[in-house]
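Undergrad: Pasting a structure here, questions to come.
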Amino acid sequence: MQELNNSIYDIIIVGLGPAGVTAGLYSLRNNLKTLMIGETFGGATLVSGEIENWPGAVNTNGFEMAEKFEEQIRHYSPDESCIKRSLVKTIDKQGNLFRVLNKDGTEFFSKAVIYSTGSESRKLNIPGEQEYRNKGVTYCATCDGPLYRNKDVAIIGGGNSAMKASLMMLNIAKSVIVVSINPQFSGEQISIKQLEKAEKEGKVRMIVSGKTSEVRGNGKFVDKVVVEHVDTGVAEEIAVQGVFVEIGLIPITEPVKELGLKMNRIGEIETNREMTTNVPGFFVAGDVCDVRDKQIIVASALGCTAALSAAEYVQNFE
Amino acid sequence: MKNVTIYTTSACIYCKMTKEFFAEHNITYTEQNVATDQSSAQEMINKSGQMGVPVTIISEDGKDELVVGFDEERLSALLVVTA
């Protein structure tokens with residue numbers, strides 16, 4: 001059943017990750033009528049595992065951070081009246097207002113929107129990947145990693161997420177192979193050095209210029225992954241029971257596809273230093289927009305800027 | 001009487017969301033952490049035929065219903081929870 005809230009919000013923030021939470025804090029502290037919509041606090045941070053590059057915390061993790069996010073928002077809205085637990089279905093324009101329709105059927109109106117839905121795991125789109133999903137193929141090392149204790153695993157990817165997953169699995173799996181399609185790994189140097197050290201000790205094998213072309217199995221579970229060595233053209237079949245796909249992210253933009261937003265070639269929403277878009281009143285922050293660095297602290301900073309820009313927009317709203 | 005068992009890992013958000021759902025609806029359950037208990041992990045794999053968490057098994061009258069992931073709609077239907 002559809003529930004209609006007739007009051008108009010100044011700002012609706014979509015997404016409860018670091019970008020959305022920071023935007024929420026700034027908007028609430030600015031006494032703006034704010035609604036934050038999302039399924040759970042933390043967003044993608046929740047599956048980040050250990051976090052060691054957030055200032056003020058030598059070591060924290062996604063869970064802990066998400067709990068603190070929620071605690072801080074509740075501090076400004078103890079009755080939770082600014083929080084709507086749902087996923088957004090569509091956002092469109094109704095006159096000069098935005099209409100946000102949720103998957104649970106509720107709808108809300110606002111003068112401005114800060115869109116910070118983040119992104120989801122990119123798939124390899126190779127034979128066997130879908131067939132063996134959750135049967136050896138996984139996109140969440142922090143969730144499923146412990147199930148691969150004493151098994152042979154391959155981590156596919158060369159960026160930060162792949163490095164973190166590899167280091168985590170070093171302590172769990174029997175053997176770890178890291179496969180990057182690029183000629184070199186691009187994650188944080190501290191992680192790469194740790195992995196290179198582990199490689200010298202024979203604990204991990206690092207493959208560069210390796211194109212993962214197929215996941216094979218015995219009908220029930222994964223038992224091999226095929227890697228084509230780009231330099232030699234040789235296809236190598238590697239025996240593994242786990243394939244961890246960590247090859248980047250796809251922005252979540254389905255709910256706003258009718259808004260006419262400008263996007264780049266990989267589907268990220270185009271923005272600028274003020275976090276505005278080509279749709280007046282529609283602001284973006286975090287991994288969903290076309291900023292280079294997909295980092296928690298960057299998402300958080302962009303959420304701040306988006307909130308300040310949105311506040312200015314609301315102030316001049318006619 | 002329905003017996004509810006959930007197989008989890010410590011850092012799995014969907015496990016946390018499922019447990020929050022149980023708490024919200026006063027559903028008592030037994031938790032098996034497959035990250036720390038290898039025999040539970042194998043038991044979960046045997047029963048569900050897959051290696052993703054969470055897995056919830058709802059047993060009643062010798063019959064098992066199995067839910068993989070946090071599927072709120074299905075859990076609601078199986079546990080007769082009024083949304």
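Just remember, in the structure tokens the first chain shown is A, the second B, etc., residues are 1-based per chain, and ligands are 1-based in the order shown.
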Compile the residues of chain B that lie within 7 Å of chain A, evaluated using only C-alpha atoms, and express the compilation as a PDB file with C-alpha atoms, in the first residue's frame.

TA:
ATOM      1  CA  THR B   9      30.508 -15.570   9.203  1.00  0.00           C
ATOM      2  CA  ALA B  11      32.077 -10.065   8.928  1.00  0.00           C
ATOM      3  CA  CYS B  12      29.019 -10.761   6.782  1.00  0.00           C
ATOM      4  CA  ILE B  13      26.580  -7.868   6.607  1.00  0.00           C
ATOM      5  CA  VAL B  34      31.129 -21.239   9.810  1.00  0.00           C
ATOM      6  CA  ALA B  35      34.199 -19.008   9.992  1.00  0.00           C
ATOM      7  CA  ALA B  41      30.876 -24.986   7.380  1.00  0.00           C
ATOM      8  CA  GLN B  50      26.668 -23.707  -2.147  1.00  0.00           C
ATOM      9  CA  MET B  51      29.250 -21.643  -0.261  1.00  0.00           C
ATOM     10  CA  GLY B  52      27.638 -18.250   0.360  1.00  0.00           C
ATOM     11  CA  VAL B  53      26.423 -16.942   3.709  1.00  0.00           C
TER      12      VAL B  53
END

Undergrad: May I have the residues within 6 Å of Pro251 (chain A) as a VMD selection string, using only C-alpha atoms and disregarding those fewer than 6 positions away in the same chain?

TA: chain A and resid 118 to 119 268 288

Undergrad: Using DSSP on the backbone coordinates, identify all residues within chain B classified as strand (DSSP E or B); present the result as number ranges by chain.

TA: B: 3-8, 30-33, 55-60, 63-68

Undergrad: Go ahead and save the residues from that selection, with C-alpha atoms, as a PDB file, in the first residue's frame.

TA:
ATOM      1  CA  ASN B   3      13.472 -24.443  14.617  1.00  0.00           C
ATOM      2  CA  VAL B   4      15.555 -21.768  12.975  1.00  0.00           C
ATOM      3  CA  THR B   5      19.280 -22.189  12.352  1.00  0.00           C
ATOM      4  CA  ILE B   6      21.435 -19.573  10.688  1.00  0.00           C
ATOM      5  CA  TYR B   7      24.924 -20.217   9.314  1.00  0.00           C
ATOM      6  CA  THR B   8      27.045 -17.063   9.414  1.00  0.00           C
ATOM      7  CA  THR B  30      20.567 -21.005  16.696  1.00  0.00           C
ATOM      8  CA  GLU B  31      23.668 -19.503  15.119  1.00  0.00           C
ATOM      9  CA  GLN B  32      26.485 -21.543  13.605  1.00  0.00           C
ATOM     10  CA  ASN B  33      29.547 -19.483  12.770  1.00  0.00           C
ATOM     11  CA  VAL B  55      22.050 -19.707   5.060  1.00  0.00           C
ATOM     12  CA  THR B  56      18.912 -20.042   7.161  1.00  0.00           C
ATOM     13  CA  ILE B  57      17.291 -23.395   7.713  1.00  0.00           C
ATOM     14  CA  ILE B  58      13.758 -23.485   9.062  1.00  0.00           C
ATOM     15  CA  SER B  59      12.785 -26.952  10.294  1.00  0.00           C
ATOM     16  CA  GLU B  60       9.280 -28.085  11.124  1.00  0.00           C
ATOM     17  CA  LYS B  63      10.800 -30.810   6.814  1.00  0.00           C
ATOM     18  CA  ASP B  64      13.504 -28.244   6.081  1.00  0.00           C
ATOM     19  CA  GLU B  65      13.108 -24.957   4.215  1.00  0.00           C
ATOM     20  CA  LEU B  66      16.336 -23.336   3.171  1.00  0.00           C
ATOM     21  CA  VAL B  67      16.949 -19.641   2.507  1.00  0.00           C
ATOM     22  CA  VAL B  68      20.239 -18.437   1.030  1.00  0.00           C
TER      23      VAL B  68
END

Undergrad: So, with only C-alpha atoms as the atoms that count, which of B:Pro54, B:Val80, B:Gly62, B:Met1 lies closest to Met17 (chain B)?

TA: B:Pro54

Undergrad: Can you check which residues of region 86-242 of chain A DSSP gives as helix (DSSP H, G or I) on the backbone and send them as an MDAnalysis selection string?

TA: chainID A and resid 141:148 160:170 189:200

Undergrad: Residues near Ser166 (chain A), anyone? I mean within 7 Å using only C-alpha atoms, not counting same-chain ones fewer than 5 positions away, as a PyMOL selection string.

TA: chain A and resi 155+176+178

Undergrad: What is the CA of Gln130 (chain A)-CA of Glu72 (chain B) distance in Å, reported with one decimal?

TA: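 CA of Glu72 (chain B) lies 22.9 Å from CA of Gln130 (chain A).
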